Amino acid sequence: MSTYELILPWAWPLLVSLTMLVGGASMPAGVRHALTYTAAVPGLCAALFLAPGDQAYLPALLIGMQLDMTTTAQLFLLFTSVLWLLTSIYAVGYMKEDRHASSFFMFYHACLAGNTGLILAGDIPSFYAFFAIMTFAGYGLVVHNRDESSRRAGRIYLSMAVIGEALVLTAFLLIAFEGQSMFIREARFAIPDSPHATLIMTLVLLGFGVKAGLAGLHMWLPLAHPVAPTPASAVLSGAMIKAGLIGWLYFLPGGLGAWPDFSWLCIALGFTGAFGAVAIGWMQRDPKTILAYSSVSQMGVMLIAVGIGLSQQQAWPAITILLCVYAANHAYAKGALFLGVGVAGSVAQQPRLRVVVLSGLILAALAISGAPLTGGAIAKSTLKYTAPSAVAYGLILSSIATTLLLARFLLIIRGRMLEDKHKPHAGIFIPWLILLAFMLVSPWIVIPAFRLETIQLAPSLAGIGKAAWPVLTGILLIGLWRKQASRADKMPRIPAGDLCLFFEQAAHRIARAWMHYVAAPMEKKREELIEAVIRRIMPENEESTVMHHAELRLRDMSASGALFLLLISIMILILMMGATP
């Protein structure tokens, strides 16, 4: 079956982005808002009304674009479109008085186009094109404020993005060569038999790990979120970093054999991110920075699930569905937490609404921690059944750690409530409440509707108790910690970006050493050589004023470079005239 409804989910937001690029700041606000409201609607309609197996082929685009609606793509497209749609409504109110709103929405819709496009991509060139669009358009969201901290975060984001793109492109070239096909479904089947299988898997893990916030490659996340506008942070953490997870699901050879060694590598890196990000995030004081580290931690848990699937060939389909449910829960809950930062600022002077906002933030935090009857608990309980016992115990400890980190976030946001300086606006409060509602009811509607039989939807009383005690333990520990508040104030602080600071200092030292030991001596030798040549051609006592000035001009590299280009141009012109009959 062929359907062209698969084109609109990415083509329409891309067209909206180009329209805003052309219109610029002169575009009427009403038109911009209307386009923003509709940008994510085609993706939501495609997720609801198309079926797995629907395809579209566009031979005129790239080298032939294939779009596939698989079960995984449908589930990802559903929660991604819901989050983008509600965040778009929120963004219209949030950005109402921002002087750079036009550029924000241009980059914002380009990111949406890339995000939905890579979910539906059925061939490697299309996936890479959409992935690149989303990645580089995201730079515009990070540097939106145009201050020094934004520029620094943008430089680091762009540097790491380029590294990730290079790794992903190398992996794609190897996959396409080994599979002798550009279609994702066909090419990945060649990975198990490839002599470069380990290299390909490593490139896929690390390349997409940059986007997913893999431990050691996560530094851009805690720097980008605090400086980006709140709606940008919501989609960056809730939807865009899931592109890394999609890359792992699409291009790792899960279900095509057992990979025990690589599986344990994924599990080890996952636990490093799950616990390391909590430890560093606990030392932060900015609410959005804490949420960024929480995202790194949760992506670590998702990588653990990927590792479990790679170790058990038969478990991969069930793990894929489980990850779709887990990713949806994280998207809704983390989006609600980020948007809640803006909402908390808008109701700072209204005590009754403040209680409502704090209650909503607590619900979102509990959903991520895996409290009973939430999407997080449903996914984690299913994952524990397929995990080895040691990994299952580690997942329980990660729930406790997540509870501690998000409890710290709640304490900070409760104490500040003025973190965001935007004025109260119903346009940000209502979509936030709707997103919370989606977070609560989504698993109970989507799992039966899509017949996801591998997910245990109705837990027993014992299952509810198992889901509750890690969260209760975390709450108890945070209560004990609060009694030691005086000691807590003395705990060490690690700057946001953690390892990034080390790399920046190392880069500065290398640059200084280069200038001192290499560049300066080379410059000195160049000047000595010029002087020696001049003295060789003309003795000092015969030097004229004209030649002296010529020497000074030649020492200027820009002048000598211009003279060189002029000579080359004259020679080319003479040759062309000589060749004319």
# chains A, B, ... in the order shown; residues from 1 in each chain; ligands from 1
call {"tool": "residues_around", "arguments": {"residues": "Ile89 (chain A)", "least_positions_apart": "6", "cutoff": "12 Å", "atoms": "only C-alpha atoms", "output": "list in words"}}
result
Arg32, His33, Ala34, Leu35, Thr36, Tyr37, Thr38, Ala39, Ala40, Val41, Val82, Leu83, Met95, Lys96, Phe105, Pro231, Leu339, His425, Ala426, Gly427, Ile428, Phe429, Ile430, Pro431, Trp432, Leu433, Ile434 and Leu435 of chain A
call {"tool": "write_last_selection", "arguments": {"atoms": "C-alpha atoms", "output": "compact mmCIF listing (two decimals), in the first residue's frame"}}
result
# COMPACT_ATOMS: atom_id res chain seq x y z
CA ARG A 32 2.84 33.26 12.60
CA HIS A 33 0.69 31.95 15.43
CA ALA A 34 -1.78 30.25 13.09
CA LEU A 35 1.03 28.47 11.24
CA THR A 36 2.58 27.42 14.54
CA TYR A 37 -0.67 25.90 15.79
CA THR A 38 -0.95 23.71 12.68
CA ALA A 39 2.68 22.61 12.23
CA ALA A 40 2.48 19.40 14.29
CA VAL A 41 -1.09 18.45 13.28
CA VAL A 82 1.51 15.50 20.88
CA LEU A 83 4.47 17.05 22.68
CA MET A 95 7.36 34.10 23.16
CA LYS A 96 4.70 36.81 22.81
CA PHE A 105 9.83 29.91 15.36
CA PRO A 231 9.56 25.60 25.09
CA LEU A 339 7.15 23.83 30.72
CA HIS A 425 -0.57 34.18 30.37
CA ALA A 426 -3.35 31.62 29.92
CA GLY A 427 -1.66 30.45 26.73
CA ILE A 428 1.08 28.70 28.72
CA PHE A 429 -1.03 27.40 31.60
CA ILE A 430 -3.68 25.51 29.61
CA PRO A 431 -1.39 23.50 27.28
CA TRP A 432 0.71 22.57 30.32
CA LEU A 433 -2.36 21.13 32.07
CA ILE A 434 -3.33 19.22 28.91
CA LEU A 435 0.17 17.75 28.70
call {"tool": "residues_around", "arguments": {"residues": "Leu256 (chain A)", "least_positions_apart": "2", "cutoff": "12 Å", "atoms": "only C-alpha atoms", "output": "ChimeraX atom specification"}}
result
/A:185,188-193,197,251-254,258-259,309-317
call {"tool": "closest_residue", "arguments": {"among": "A:Leu291, A:Ala101, A:Ala47, A:Ile163", "to": "Ser26 (chain A)", "atoms": "only C-alpha atoms"}}
result
A:Ala101
call {"tool": "residues_around", "arguments": {"residues": "Trp469 (chain A)", "least_positions_apart": "6", "cutoff": "10 Å", "atoms": "only C-alpha atoms", "output": "PyMOL selection string"}}
result
chain A and resi 371-372+396+399-400+475
call {"tool": "residues_around", "arguments": {"residues": "region 406-412 of chain A", "least_positions_apart": "6", "cutoff": "9 Å", "atoms": "only C-alpha atoms", "output": "list in words"}}
result
Trp282, Arg285, Asp286, Pro287, Lys288, Ile290, Leu291, Ser294, Leu358, Leu361, Ile362, Ala365, Leu366, Ile368, Ser369, Gly474, Ile475 and Ile478 of chain A
call {"tool": "residues_around", "arguments": {"residues": "region 300-308 of chain A", "least_positions_apart": "4", "cutoff": "6 Å", "atoms": "only C-alpha atoms", "output": "number ranges by chain"}}
result
A: 263, 266-267, 270, 273-274
